[in-house]
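Student: Supplied structure: final-v7.txt, compact mmCIF, C-alpha atoms and all ligand atoms.
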```
# COMPACT_ATOMS: atom_id res chain seq x y z
CA MET W 1 -102.81 11.64 23.75
CA ILE W 2 -106.36 10.83 22.66
CA LYS W 3 -107.32 10.35 26.33
CA VAL W 4 -106.12 13.86 27.14
CA MET W 5 -108.03 15.20 24.15
CA ALA W 6 -111.17 13.33 25.16
CA GLU W 7 -110.99 14.84 28.63
CA ARG W 8 -110.54 18.28 27.14
CA GLY W 9 -113.43 17.56 24.78
CA GLU W 10 -115.72 16.66 27.68
CA ARG W 11 -115.38 20.22 28.92
CA ASP W 12 -118.03 21.63 31.16
CA ARG W 13 -120.67 22.66 28.65
CA ALA W 14 -124.07 21.14 29.35
CA PHE W 15 -125.64 22.27 26.09
CA ARG W 16 -129.40 22.69 25.87
CA GLY W 17 -130.90 22.08 22.44
CA LYS W 18 -134.10 23.28 20.85
CA THR W 19 -135.92 20.01 21.49
CA TYR W 20 -133.51 17.69 23.28
CA SER W 21 -130.36 17.54 25.38
CA LEU W 22 -128.53 14.36 26.32
CA PHE W 23 -127.36 16.14 29.48
CA GLY W 24 -130.95 15.95 30.80
CA SER W 25 -130.98 17.70 34.15
CA GLY W 26 -127.33 16.89 34.87
CA ALA W 27 -123.89 18.10 33.86
CA GLY W 28 -122.79 15.05 31.82
CA THR W 29 -124.22 12.62 29.26
CA GLU W 30 -123.12 9.38 30.97
CA LYS W 31 -126.57 8.86 32.54
CA TYR W 32 -128.26 9.16 29.14
CA TYR W 33 -125.98 6.52 27.60
CA SER W 34 -126.38 4.09 30.48
CA THR W 35 -130.17 4.56 30.45
CA VAL W 36 -130.45 3.85 26.72
CA LYS W 37 -128.12 0.83 26.96
CA ASN W 38 -130.14 -0.59 29.87
CA LEU W 39 -133.38 -0.09 27.94
CA ALA W 40 -131.94 -1.88 24.89
CA ASP W 41 -130.84 -4.77 27.16
CA LEU W 42 -134.33 -4.91 28.66
CA PHE W 43 -136.02 -5.02 25.25
CA LEU W 44 -133.60 -7.70 24.06
CA LEU W 45 -134.63 -9.87 27.01
CA ARG W 46 -138.22 -9.68 25.71
CA CYS W 47 -137.15 -10.07 22.08
CA PRO W 48 -133.63 -11.57 21.69
CA ASP W 49 -133.68 -11.29 17.89
CA GLU W 50 -132.05 -7.85 17.29
CA LYS W 51 -133.35 -7.60 13.73
CA ARG W 52 -136.91 -8.30 14.80
CA LEU W 53 -136.64 -5.88 17.73
CA LEU W 54 -135.37 -3.13 15.41
CA LEU W 55 -138.34 -3.75 13.13
CA GLN W 56 -140.75 -3.48 16.07
CA VAL W 57 -139.13 -0.24 17.25
CA ARG W 58 -139.60 1.20 13.76
CA ARG W 59 -143.18 -0.06 13.55
CA ALA W 60 -143.89 1.59 16.91
CA GLY W 61 -143.13 4.98 15.36
CA GLU W 62 -145.33 4.60 12.30
CA LYS W 63 -148.31 6.93 12.17
CA GLU W 64 -150.68 4.51 10.46
CA PRO W 65 -152.52 2.18 12.88
CA LEU W 66 -150.63 -1.08 13.27
CA PHE W 67 -153.56 -3.27 12.23
CA LYS W 68 -153.74 -1.52 8.83
CA LYS W 69 -150.13 -2.26 7.91
CA ARG W 70 -149.54 -5.15 5.58
CA GLY W 71 -146.43 -6.69 4.09
CA LYS W 72 -143.86 -4.84 6.22
CA GLY W 73 -143.29 -7.46 8.89
CA GLU W 74 -145.70 -8.44 11.55
CA ALA W 75 -146.26 -5.95 14.34
CA ASP W 76 -146.24 -7.24 17.91
CA PRO W 77 -148.69 -4.91 19.75
CA SER W 78 -147.79 -6.26 23.20
CA LEU W 79 -144.03 -5.77 22.66
CA ILE W 80 -144.61 -2.34 21.12
CA SER W 81 -146.76 -1.29 24.05
CA PHE W 82 -144.05 -2.50 26.48
CA ILE W 83 -141.38 -0.55 24.57
CA LYS W 84 -143.44 2.65 24.44
CA ASN W 85 -144.36 2.51 28.15
CA SER W 86 -140.75 1.90 29.18
CA LEU W 87 -139.49 4.80 27.06
CA ARG W 88 -142.23 7.12 28.36
CA HIS W 89 -140.98 6.56 31.91
CA ALA W 90 -137.24 6.68 31.25
CA LEU W 91 -136.50 9.30 28.60
CA PRO W 92 -138.66 12.49 28.90
CA GLU W 93 -135.86 14.17 30.88
CA TYR W 94 -133.89 14.38 27.63
CA THR W 95 -136.66 15.73 25.40
CA ALA W 96 -138.10 18.55 27.51
CA GLY W 97 -138.17 21.06 24.64
CA VAL W 98 -140.18 19.06 22.10
CA ALA W 99 -143.72 20.12 23.11
CA GLY W 100 -142.86 23.84 23.20
CA HIS W 101 -141.03 23.61 19.89
CA LEU W 102 -143.97 21.91 18.18
CA ARG W 103 -146.41 24.50 19.58
CA GLU W 104 -144.33 27.38 18.22
CA LEU W 105 -143.51 25.83 14.85
CA PRO W 106 -144.64 28.17 12.02
CA PRO W 107 -147.13 26.65 9.51
CA ALA W 108 -144.54 26.75 6.70
CA LYS W 109 -142.30 24.35 8.66
CA ARG W 110 -145.00 21.85 9.58
CA PHE W 111 -144.22 19.66 6.56
CA ASP W 112 -140.61 19.13 7.56
CA ASP W 113 -140.27 15.53 8.85
CA THR W 114 -137.28 16.37 11.03
CA LEU W 115 -138.65 19.55 12.61
CA THR W 116 -142.01 17.90 13.34
CA THR W 117 -140.55 14.85 15.11
CA ARG W 118 -142.83 13.97 18.06
CA GLU W 119 -141.46 13.33 21.54
CA GLU W 120 -142.31 9.62 21.45
CA GLN W 121 -140.50 9.34 18.12
CA TYR W 122 -137.36 10.91 19.64
CA HIS W 123 -137.38 8.17 22.28
CA LEU W 124 -137.85 5.45 19.66
CA PHE W 125 -135.01 6.94 17.57
CA MET W 126 -132.74 6.86 20.65
CA ILE W 127 -133.29 3.12 20.99
CA GLU W 128 -133.05 2.60 17.23
CA ILE W 129 -129.61 4.28 17.15
CA GLU W 130 -128.41 2.07 20.02
CA LEU W 131 -129.70 -1.11 18.32
CA VAL W 132 -128.20 -0.18 14.93
CA ASN W 133 -124.84 0.45 16.60
CA ARG W 134 -124.95 -2.99 18.24
CA MET W 135 -125.97 -4.71 14.99
CA TYR W 136 -123.65 -2.93 12.56
CA ARG W 137 -120.54 -2.21 14.62
CA GLY W 138 -118.95 -5.51 13.51
CA PRO W 139 -119.80 -5.17 9.79
CA PHE W 140 -118.69 -1.51 9.86
CA ARG W 141 -115.29 -2.44 11.29
CA LYS W 142 -114.76 -5.03 8.55
CA CYS W 143 -115.30 -2.48 5.75
CA ASP W 144 -112.31 -1.67 3.53
CA PHE W 145 -113.21 2.01 3.35
CA LYS W 146 -114.74 3.81 6.31
CA ILE W 147 -115.87 7.42 6.33
CA ALA W 148 -117.38 9.67 8.99
CA LEU W 149 -119.62 12.68 8.42
CA LEU W 150 -119.52 15.37 11.12
CA PRO W 151 -121.89 18.36 11.14
CA HIS W 152 -120.43 21.86 10.79
CA CYS W 153 -122.25 23.00 13.98
CA LEU W 154 -119.63 21.00 15.92
CA ARG W 155 -116.88 23.43 14.99
CA ASP W 156 -115.42 25.92 17.41
CA PHE W 157 -117.39 29.12 16.71
CA ARG W 158 -114.62 31.47 17.89
CA PRO W 159 -112.07 31.29 15.04
CA GLN W 160 -112.93 31.63 11.37
CA CYS W 161 -113.23 27.97 10.33
CA ARG W 162 -110.59 27.05 7.75
CA MET W 163 -112.19 23.89 6.40
CA VAL W 164 -111.53 23.18 2.71
CA GLN W 165 -113.26 21.04 0.10
CA GLY W 166 -111.84 17.50 0.11
CA ASP W 167 -112.32 14.54 -2.25
CA ILE W 168 -115.73 13.55 -0.83
CA ASP W 169 -116.89 16.51 1.30
CA ALA W 170 -115.27 19.31 3.30
CA VAL W 171 -112.28 18.52 5.54
CA CYS W 172 -111.01 20.11 8.75
CA ARG W 173 -107.61 21.78 8.74
CA GLY W 174 -107.15 21.60 12.51
CA CYS W 175 -106.86 25.34 13.09
CA THR W 176 -107.79 25.07 16.80
CA GLU W 177 -107.22 22.30 19.33
CA ASP W 178 -110.45 23.00 21.17
CA CYS W 179 -112.78 22.29 18.23
CA PHE W 180 -114.98 19.18 18.44
CA ILE W 181 -114.54 18.54 14.71
CA ASN W 182 -110.78 18.58 15.13
CA LEU W 183 -110.95 16.37 18.25
CA GLY W 184 -113.31 13.94 16.53
CA SER W 185 -111.26 13.90 13.31
CA LEU W 186 -108.04 13.02 15.15
CA LEU W 187 -109.78 10.19 16.99
CA LEU W 188 -111.40 8.85 13.81
CA LYS W 189 -108.12 8.89 11.89
CA LYS W 190 -106.46 6.93 14.69
CA TYR W 191 -108.91 4.10 13.90
CA GLY W 192 -108.57 4.31 10.10
CA ILE W 193 -111.78 6.26 9.48
CA SER W 194 -111.69 9.24 7.08
CA PRO W 195 -113.51 12.23 8.61
CA TYR W 196 -115.43 14.81 6.57
CA ILE W 197 -117.49 17.83 7.51
CA SER W 198 -120.96 17.27 6.09
CA VAL W 199 -121.74 20.08 3.66
CA GLU W 200 -123.34 18.09 0.81
CA ARG W 201 -127.13 18.30 1.22
CA ASP W 202 -128.16 15.40 -1.05
CA GLN W 203 -126.85 12.56 1.06
CA GLU W 204 -128.67 9.81 -0.85
CA SER W 205 -126.89 10.72 -4.11
CA LEU W 206 -123.60 11.01 -2.24
CA PHE W 207 -123.97 7.57 -0.63
CA ARG W 208 -125.11 5.93 -3.88
CA LYS W 209 -122.04 7.33 -5.65
CA LEU W 210 -119.73 6.22 -2.84
CA LYS W 211 -121.23 2.73 -2.76
CA ASN W 212 -120.58 2.39 -6.51
CA GLU W 213 -116.98 3.53 -6.13
CA HIS W 214 -116.28 1.59 -2.90
CA PRO W 215 -118.50 -1.52 -2.64
CA ARG W 216 -117.15 -2.28 0.86
CA ILE W 217 -117.79 1.12 2.41
CA GLY W 218 -119.01 1.79 5.97
CA ALA W 219 -120.39 5.10 7.26
CA LEU W 220 -120.26 6.72 10.68
CA GLY W 221 -122.59 9.63 11.33
CA ILE W 222 -122.65 12.31 13.99
CA ALA W 223 -125.90 14.28 13.80
CA CYS W 224 -128.97 15.33 15.74
CA ILE W 225 -131.17 12.40 16.73
CA PRO W 226 -133.79 12.53 13.94
CA GLU W 227 -131.16 13.10 11.23
CA LEU W 228 -128.90 10.34 12.54
CA ALA W 229 -131.68 7.75 12.75
CA ARG W 230 -132.87 8.59 9.22
CA GLY W 231 -129.30 8.58 7.88
CA MET W 232 -128.79 5.11 9.37
CA ARG W 233 -131.98 3.88 7.68
CA LEU W 234 -130.76 5.28 4.35
CA CYS W 235 -127.39 3.54 4.69
CA ILE W 236 -128.98 0.20 5.60
CA ARG W 237 -131.26 0.52 2.56
CA LEU W 238 -128.21 1.14 0.34
CA GLY W 239 -126.23 -1.78 1.81
CA ILE W 240 -123.79 0.45 3.73
CA PRO W 241 -123.12 -0.63 7.36
CA PRO W 242 -123.83 2.43 9.54
CA VAL W 243 -122.87 3.41 13.07
CA GLY W 244 -123.32 6.75 14.76
CA ILE W 245 -123.23 9.03 17.76
CA PRO W 246 -125.96 11.63 18.40
CA LEU W 247 -125.11 15.27 18.99
CA ASP W 248 -125.52 16.15 22.66
CA ALA W 249 -128.17 18.74 21.68
CA ASN W 250 -129.77 20.17 18.54
CA ARG W 251 -128.57 23.77 18.23
CA CYS W 252 -127.85 24.48 14.55
CA ALA W 253 -129.59 27.21 12.50
CA ARG W 254 -132.20 24.72 11.35
CA TRP W 255 -133.46 24.57 14.93
CA MET W 256 -132.42 27.78 16.66
CA LYS W 257 -132.90 31.42 15.63
CA GLU W 258 -129.22 31.87 16.30
CA ALA W 259 -127.02 28.82 15.73
CA GLY W 260 -124.95 27.68 18.70
CA GLU W 261 -122.06 25.25 18.82
CA SER W 262 -122.68 21.71 19.98
CA SER W 263 -120.77 18.70 21.28
CA PHE W 264 -120.85 14.92 21.28
CA ALA W 265 -119.53 12.19 23.56
CA LEU W 266 -115.94 11.53 22.47
CA LYS W 267 -115.69 8.63 24.93
CA GLU W 268 -118.74 6.96 23.38
CA LEU W 269 -117.26 7.45 19.92
CA GLU W 270 -114.00 5.76 20.93
CA GLU W 271 -115.93 2.90 22.55
CA LEU W 272 -117.87 2.42 19.33
CA ILE W 273 -114.89 2.35 16.95
CA ARG W 274 -112.04 0.89 19.00
S1 LIG C 301 -110.45 22.97 13.74
FE1 LIG C 301 -111.29 22.39 11.71
S2 LIG C 301 -113.54 22.46 11.86
FE2 LIG C 301 -112.68 23.48 13.68
S3 LIG C 301 -112.72 25.64 13.14
FE3 LIG C 301 -110.66 24.86 12.52
S4 LIG C 301 -110.80 24.12 10.39
FE4 LIG C 301 -112.92 24.49 11.18
```
Would you encode the structure as structure tokens?
Ligand code: SF4
Tutor:
Amino acid sequence: MIKVMAERGERDRAFRGKTYSLFGSGAGTEKYYSTVKNLADLFLLRCPDEKRLLLQVRRAGEKEPLFKKRGKGEADPSLISFIKNSLRHALPEYTAGVAGHLRELPPAKRFDDTLTTREEQYHLFMIEIELVNRMYRGPFRKCDFKIALLPHCLRDFRPQCRMVQGDIDAVCRGCTEDCFINLGSLLLKKYGISPYISVERDQESLFRKLKNEHPRIGALGIACIPELARGMRLCIRLGIPPVGIPLDANRCARWMKEAGESSFALKELEELIR
């Protein structure tokens, strides 16, 4: 049943986002996922310690010159340069809208960390998400209580959404079969993960509260690339094993003048949680 749903979910909609699209120049996202997985494999050949590699990927995105950083783990300039060069060759196809978006960004929005994400940082976040998934998939699966947060822009825009407030955040009521939130929620429930539609804005307070109530909690996020990478960092800092799948494109009202619906790779989600 889930297979049929996944096929229906992978319907022919190569969404273009404001800054990025995992469809690149094609009609599917498979090439994106295989490219990112191959890059992660390549970097792990140079640096087999996943934790150290993740640290270097994060250091590569820091604005302050590497030689000025102290006490946050030693930077490896040669590895960082290799990572950046490899990403520059392999990933621009997926981030074609970043330069135009940054040029047009109004001054009032230039202090927003998410909206001002640079193209190179998108590429580093893509690798970071892949590495975090590899590192935390096992710990996430062992958690006693697992939740997933899905963004409301994944809903089917045609019907009036009938989501209601649940115990932690909003929940889907399954009003239409063709809705990505409904499809994702059914898949998540099959693997014992409680799905919620993310409406709560203060996620740090939410996660702190949940960690107090459920010490062995794991979190799965579906979000645009900058939000997902930052959400994963927050969870790691709070001792919550995170995993996640990026939205295929960033199209919500935060990015676009007129919000458009989005999608994510249901097959990748099932691979991650099965
Ligand atoms: S299926 Fe769920 S998320 Fe989608 S429109 Fe209906 S209630 Fe909203």
Student: Contacts between ligand LIG 301 (chain C) and chain W, please, where a residue of chain W counts if it comes within 10 Å (with all atoms listed in the file); show its shortest atom pair and distance in Å to one decimal, rows by chain and ascending number, as JSON lines.
Tutor:
```
{"residue": "W:Leu150", "atom": "CA", "partner": "C:LIG301", "partner_atom": "S2", "distance": 9.3}
{"residue": "W:Pro151", "atom": "CA", "partner": "C:LIG301", "partner_atom": "S2", "distance": 9.3}
{"residue": "W:His152", "atom": "CA", "partner": "C:LIG301", "partner_atom": "S2", "distance": 7.0}
{"residue": "W:Cys153", "atom": "CA", "partner": "C:LIG301", "partner_atom": "S2", "distance": 9.0}
{"residue": "W:Leu154", "atom": "CA", "partner": "C:LIG301", "partner_atom": "S2", "distance": 7.5}
{"residue": "W:Arg155", "atom": "CA", "partner": "C:LIG301", "partner_atom": "FE2", "distance": 4.4}
{"residue": "W:Asp156", "atom": "CA", "partner": "C:LIG301", "partner_atom": "S3", "distance": 5.1}
{"residue": "W:Phe157", "atom": "CA", "partner": "C:LIG301", "partner_atom": "S3", "distance": 6.8}
{"residue": "W:Arg158", "atom": "CA", "partner": "C:LIG301", "partner_atom": "S3", "distance": 7.8}
{"residue": "W:Pro159", "atom": "CA", "partner": "C:LIG301", "partner_atom": "S3", "distance": 6.0}
{"residue": "W:Gln160", "atom": "CA", "partner": "C:LIG301", "partner_atom": "S3", "distance": 6.2}
{"residue": "W:Cys161", "atom": "CA", "partner": "C:LIG301", "partner_atom": "FE4", "distance": 3.6}
{"residue": "W:Arg162", "atom": "CA", "partner": "C:LIG301", "partner_atom": "S4", "distance": 3.9}
{"residue": "W:Met163", "atom": "CA", "partner": "C:LIG301", "partner_atom": "S4", "distance": 4.2}
{"residue": "W:Val164", "atom": "CA", "partner": "C:LIG301", "partner_atom": "S4", "distance": 7.8}
{"residue": "W:Ala170", "atom": "CA", "partner": "C:LIG301", "partner_atom": "S2", "distance": 9.3}
{"residue": "W:Val171", "atom": "CA", "partner": "C:LIG301", "partner_atom": "FE1", "distance": 7.4}
{"residue": "W:Cys172", "atom": "CA", "partner": "C:LIG301", "partner_atom": "FE1", "distance": 3.7}
{"residue": "W:Arg173", "atom": "CA", "partner": "C:LIG301", "partner_atom": "S4", "distance": 4.3}
{"residue": "W:Gly174", "atom": "CA", "partner": "C:LIG301", "partner_atom": "S1", "distance": 3.8}
{"residue": "W:Cys175", "atom": "CA", "partner": "C:LIG301", "partner_atom": "FE3", "distance": 3.9}
{"residue": "W:Thr176", "atom": "CA", "partner": "C:LIG301", "partner_atom": "S1", "distance": 4.6}
{"residue": "W:Glu177", "atom": "CA", "partner": "C:LIG301", "partner_atom": "S1", "distance": 6.5}
{"residue": "W:Asp178", "atom": "CA", "partner": "C:LIG301", "partner_atom": "S1", "distance": 7.4}
{"residue": "W:Cys179", "atom": "CA", "partner": "C:LIG301", "partner_atom": "FE2", "distance": 4.7}
{"residue": "W:Phe180", "atom": "CA", "partner": "C:LIG301", "partner_atom": "FE2", "distance": 6.8}
{"residue": "W:Ile181", "atom": "CA", "partner": "C:LIG301", "partner_atom": "S2", "distance": 4.9}
{"residue": "W:Asn182", "atom": "CA", "partner": "C:LIG301", "partner_atom": "S1", "distance": 4.6}
{"residue": "W:Leu183", "atom": "CA", "partner": "C:LIG301", "partner_atom": "S1", "distance": 8.0}
{"residue": "W:Gly184", "atom": "CA", "partner": "C:LIG301", "partner_atom": "S2", "distance": 9.7}
{"residue": "W:Ser185", "atom": "CA", "partner": "C:LIG301", "partner_atom": "FE1", "distance": 8.6}
{"residue": "W:Tyr196", "atom": "CA", "partner": "C:LIG301", "partner_atom": "S2", "distance": 9.5}
{"residue": "W:Ile197", "atom": "CA", "partner": "C:LIG301", "partner_atom": "S2", "distance": 7.5}
```
Student: For stretch 258-269 of chain W, find every residue with an atom within 6 Å (counting all atoms listed in the file), except residues of its own chain fewer than 3 positions away, and show them as a PyMOL selection string.
Tutor: chain W and resi 6+153-154+247-248+251-253+272
Student: Could you write out that same residue set with C-alpha atoms as an mmCIF file, in the coordinates of the input?
Tutor:
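Contents of result08.cif, freshly written:
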```cif
data_model
loop_
_atom_site.group_PDB
_atom_site.id
_atom_site.type_symbol
_atom_site.label_atom_id
_atom_site.label_comp_id
_atom_site.auth_asym_id
_atom_site.auth_seq_id
_atom_site.Cartn_x
_atom_site.Cartn_y
_atom_site.Cartn_z
ATOM 1 C CA ALA W 6 -111.170 13.330 25.160
ATOM 2 C CA CYS W 153 -122.250 23.000 13.980
ATOM 3 C CA LEU W 154 -119.630 21.000 15.920
ATOM 4 C CA LEU W 247 -125.110 15.270 18.990
ATOM 5 C CA ASP W 248 -125.520 16.150 22.660
ATOM 6 C CA ARG W 251 -128.570 23.770 18.230
ATOM 7 C CA CYS W 252 -127.850 24.480 14.550
ATOM 8 C CA ALA W 253 -129.590 27.210 12.500
ATOM 9 C CA LEU W 272 -117.870 2.420 19.330
#
```
Student: Looking at all atoms listed in the file, which of W:Val243, W:Leu55, W:Ala223, W:Leu234 is the one that sits closest to W:Asp202?
Tutor: W:Leu234
Student: Would you work out the distance separating atom CA of W:His101 from atom CA of W:Arg118, expressed in Å to one decimal?
Tutor: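 Result for atom CA of W:His101 versus atom CA of W:Arg118: 10.0 Å, one decimal.
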Student: Give the answer as one residue: which of W:Tyr33, W:Phe82, W:Tyr94, W:Phe23 has the shortest atom-to-atom distance to W:Glu271, using all atoms listed in the file?
Tutor: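 So, comparing all the options, the nearest one is W:Tyr33.
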Student: Scan for residues within 10 Å of the point (-134.0, -5.3, 18.8) in the coordinates of the file, using all atoms listed in the file, and reply as a PyMOL selection string.
Tutor: chain W and resi 40-58+127-128+130-132+134-135
Student: Quick one: residues within 9 Å of W:Leu91, only C-alpha atoms, excluding same-chain residues fewer than 5 positions away - as a CSV table (one decimal) with C-alpha atoms, keeping the file's coordinate frame?
Tutor:
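The resulting file, out_4.csv, is shown below:
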```csv
chain,number,residue,atom,x,y,z
W,24,GLY,CA,-131.0,16.0,30.8
W,32,TYR,CA,-128.3,9.2,29.1
W,35,THR,CA,-130.2,4.6,30.4
W,36,VAL,CA,-130.4,3.8,26.7
W,86,SER,CA,-140.8,1.9,29.2
W,123,HIS,CA,-137.4,8.2,22.3
```
Student: Set the distance at 8 Å and use all atoms listed in the file: which residues neighbour stretch 224-233 of chain W once local chain neighbours fewer than 4 positions away are removed? I'd like the list as a VMD selection string.
Tutor: chain W and resid 114 117 122 125 to 126 128 to 129 132 237 242 to 250
Student: What is the atom CA of W:Leu39-atom CA of W:Gly97 distance in Å, reported with one decimal?
Tutor: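 Straight-line distance from atom CA of W:Leu39 to atom CA of W:Gly97 works out to 21.9 Å.
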Student: Here is a test: counting all atoms listed in the file, which residue of W:Glu270, W:Glu119, W:Glu62, W:Glu104 is nearest to W:Ile80?
Tutor: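 Closest to W:Ile80, using all atoms listed in the file: W:Glu62.
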Student: For atom CA of W:Pro215 and atom CA of W:Pro195, determine how far apart the two atoms are, in Å to one decimal place.
Tutor: 18.5 Å
Student: Determine the nearest neighbour of W:Lys31 from the options W:Thr116, W:Ile273, W:Ala90, W:Phe145, counting all atoms listed in the file.
Tutor: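 Ranking W:Thr116, W:Ile273, W:Ala90, W:Phe145 by distance to W:Lys31, first place goes to W:Ala90.
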Student: I'd like to know which of W:Ser198, W:Ala108, W:Ile217, W:Ala148 is closest to W:Leu186, using only C-alpha atoms.
Tutor: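 For W:Leu186, the nearest of the candidates is W:Ala148.
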Student: Rank nothing, just name the residue among W:Tyr136, W:Leu115, W:Leu188, W:Asp167 nearest to W:Arg103, using all atoms listed in the file.
Tutor: W:Leu115
Student: Please rebuild stretch 90-97 of chain W with all heavy atoms and return the result as a PDB file, in the frame of the given file.
Tutor:
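The resulting file, rebuild17.pdb, is reproduced below:
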```
ATOM      1  N   ALA W  90    -138.693   6.520  31.066  1.00  0.00           N
ATOM      2  CA  ALA W  90    -137.240   6.680  31.250  1.00  0.00           C
ATOM      3  C   ALA W  90    -136.619   7.882  30.537  1.00  0.00           C
ATOM      4  O   ALA W  90    -135.577   8.369  30.958  1.00  0.00           O
ATOM      5  CB  ALA W  90    -136.532   5.405  30.776  1.00  0.00           C
ATOM      6  N   LEU W  91    -137.236   8.358  29.452  1.00  0.00           N
ATOM      7  CA  LEU W  91    -136.500   9.300  28.600  1.00  0.00           C
ATOM      8  C   LEU W  91    -137.012  10.746  28.505  1.00  0.00           C
ATOM      9  O   LEU W  91    -136.317  11.574  27.899  1.00  0.00           O
ATOM     10  CB  LEU W  91    -136.391   8.707  27.179  1.00  0.00           C
ATOM     11  CG  LEU W  91    -135.563   7.411  27.083  1.00  0.00           C
ATOM     12  CD1 LEU W  91    -135.576   6.863  25.658  1.00  0.00           C
ATOM     13  CD2 LEU W  91    -134.133   7.635  27.539  1.00  0.00           C
ATOM     14  N   PRO W  92    -138.178  11.100  29.075  1.00  0.00           N
ATOM     15  CA  PRO W  92    -138.660  12.490  28.900  1.00  0.00           C
ATOM     16  C   PRO W  92    -137.687  13.563  29.395  1.00  0.00           C
ATOM     17  O   PRO W  92    -137.696  14.680  28.890  1.00  0.00           O
ATOM     18  CB  PRO W  92    -139.961  12.522  29.711  1.00  0.00           C
ATOM     19  CG  PRO W  92    -140.435  11.132  29.713  1.00  0.00           C
ATOM     20  CD  PRO W  92    -139.180  10.292  29.765  1.00  0.00           C
ATOM     21  N   GLU W  93    -136.846  13.214  30.369  1.00  0.00           N
ATOM     22  CA  GLU W  93    -135.860  14.170  30.880  1.00  0.00           C
ATOM     23  C   GLU W  93    -134.978  14.746  29.759  1.00  0.00           C
ATOM     24  O   GLU W  93    -134.489  15.863  29.865  1.00  0.00           O
ATOM     25  CB  GLU W  93    -134.995  13.405  31.902  1.00  0.00           C
ATOM     26  CG  GLU W  93    -133.795  14.129  32.368  1.00  0.00           C
ATOM     27  CD  GLU W  93    -132.946  13.300  33.341  1.00  0.00           C
ATOM     28  OE1 GLU W  93    -133.348  12.179  33.730  1.00  0.00           O
ATOM     29  OE2 GLU W  93    -131.878  13.803  33.710  1.00  0.00           O
ATOM     30  N   TYR W  94    -134.816  13.964  28.699  1.00  0.00           N
ATOM     31  CA  TYR W  94    -133.890  14.380  27.630  1.00  0.00           C
ATOM     32  C   TYR W  94    -134.607  15.095  26.477  1.00  0.00           C
ATOM     33  O   TYR W  94    -133.954  15.549  25.536  1.00  0.00           O
ATOM     34  CB  TYR W  94    -133.144  13.149  27.098  1.00  0.00           C
ATOM     35  CG  TYR W  94    -132.453  12.411  28.224  1.00  0.00           C
ATOM     36  CD1 TYR W  94    -132.981  11.233  28.762  1.00  0.00           C
ATOM     37  CD2 TYR W  94    -131.298  12.940  28.796  1.00  0.00           C
ATOM     38  CE1 TYR W  94    -132.373  10.594  29.820  1.00  0.00           C
ATOM     39  CE2 TYR W  94    -130.678  12.302  29.865  1.00  0.00           C
ATOM     40  CZ  TYR W  94    -131.225  11.129  30.369  1.00  0.00           C
ATOM     41  OH  TYR W  94    -130.616  10.517  31.437  1.00  0.00           O
ATOM     42  N   THR W  95    -135.918  15.157  26.532  1.00  0.00           N
ATOM     43  CA  THR W  95    -136.660  15.730  25.400  1.00  0.00           C
ATOM     44  C   THR W  95    -137.633  16.811  25.886  1.00  0.00           C
ATOM     45  O   THR W  95    -138.742  16.953  25.343  1.00  0.00           O
ATOM     46  CB  THR W  95    -137.442  14.621  24.654  1.00  0.00           C
ATOM     47  OG1 THR W  95    -138.151  13.817  25.628  1.00  0.00           O
ATOM     48  CG2 THR W  95    -136.515  13.733  23.854  1.00  0.00           C
ATOM     49  N   ALA W  96    -137.195  17.588  26.864  1.00  0.00           N
ATOM     50  CA  ALA W  96    -138.100  18.550  27.510  1.00  0.00           C
ATOM     51  C   ALA W  96    -138.548  19.671  26.577  1.00  0.00           C
ATOM     52  O   ALA W  96    -139.565  20.319  26.834  1.00  0.00           O
ATOM     53  CB  ALA W  96    -137.397  19.145  28.729  1.00  0.00           C
ATOM     54  N   GLY W  97    -137.817  19.920  25.502  1.00  0.00           N
ATOM     55  CA  GLY W  97    -138.170  21.060  24.640  1.00  0.00           C
ATOM     56  C   GLY W  97    -139.090  20.722  23.483  1.00  0.00           C
ATOM     57  O   GLY W  97    -139.488  21.616  22.727  1.00  0.00           O
TER      58      GLY W  97
END
```
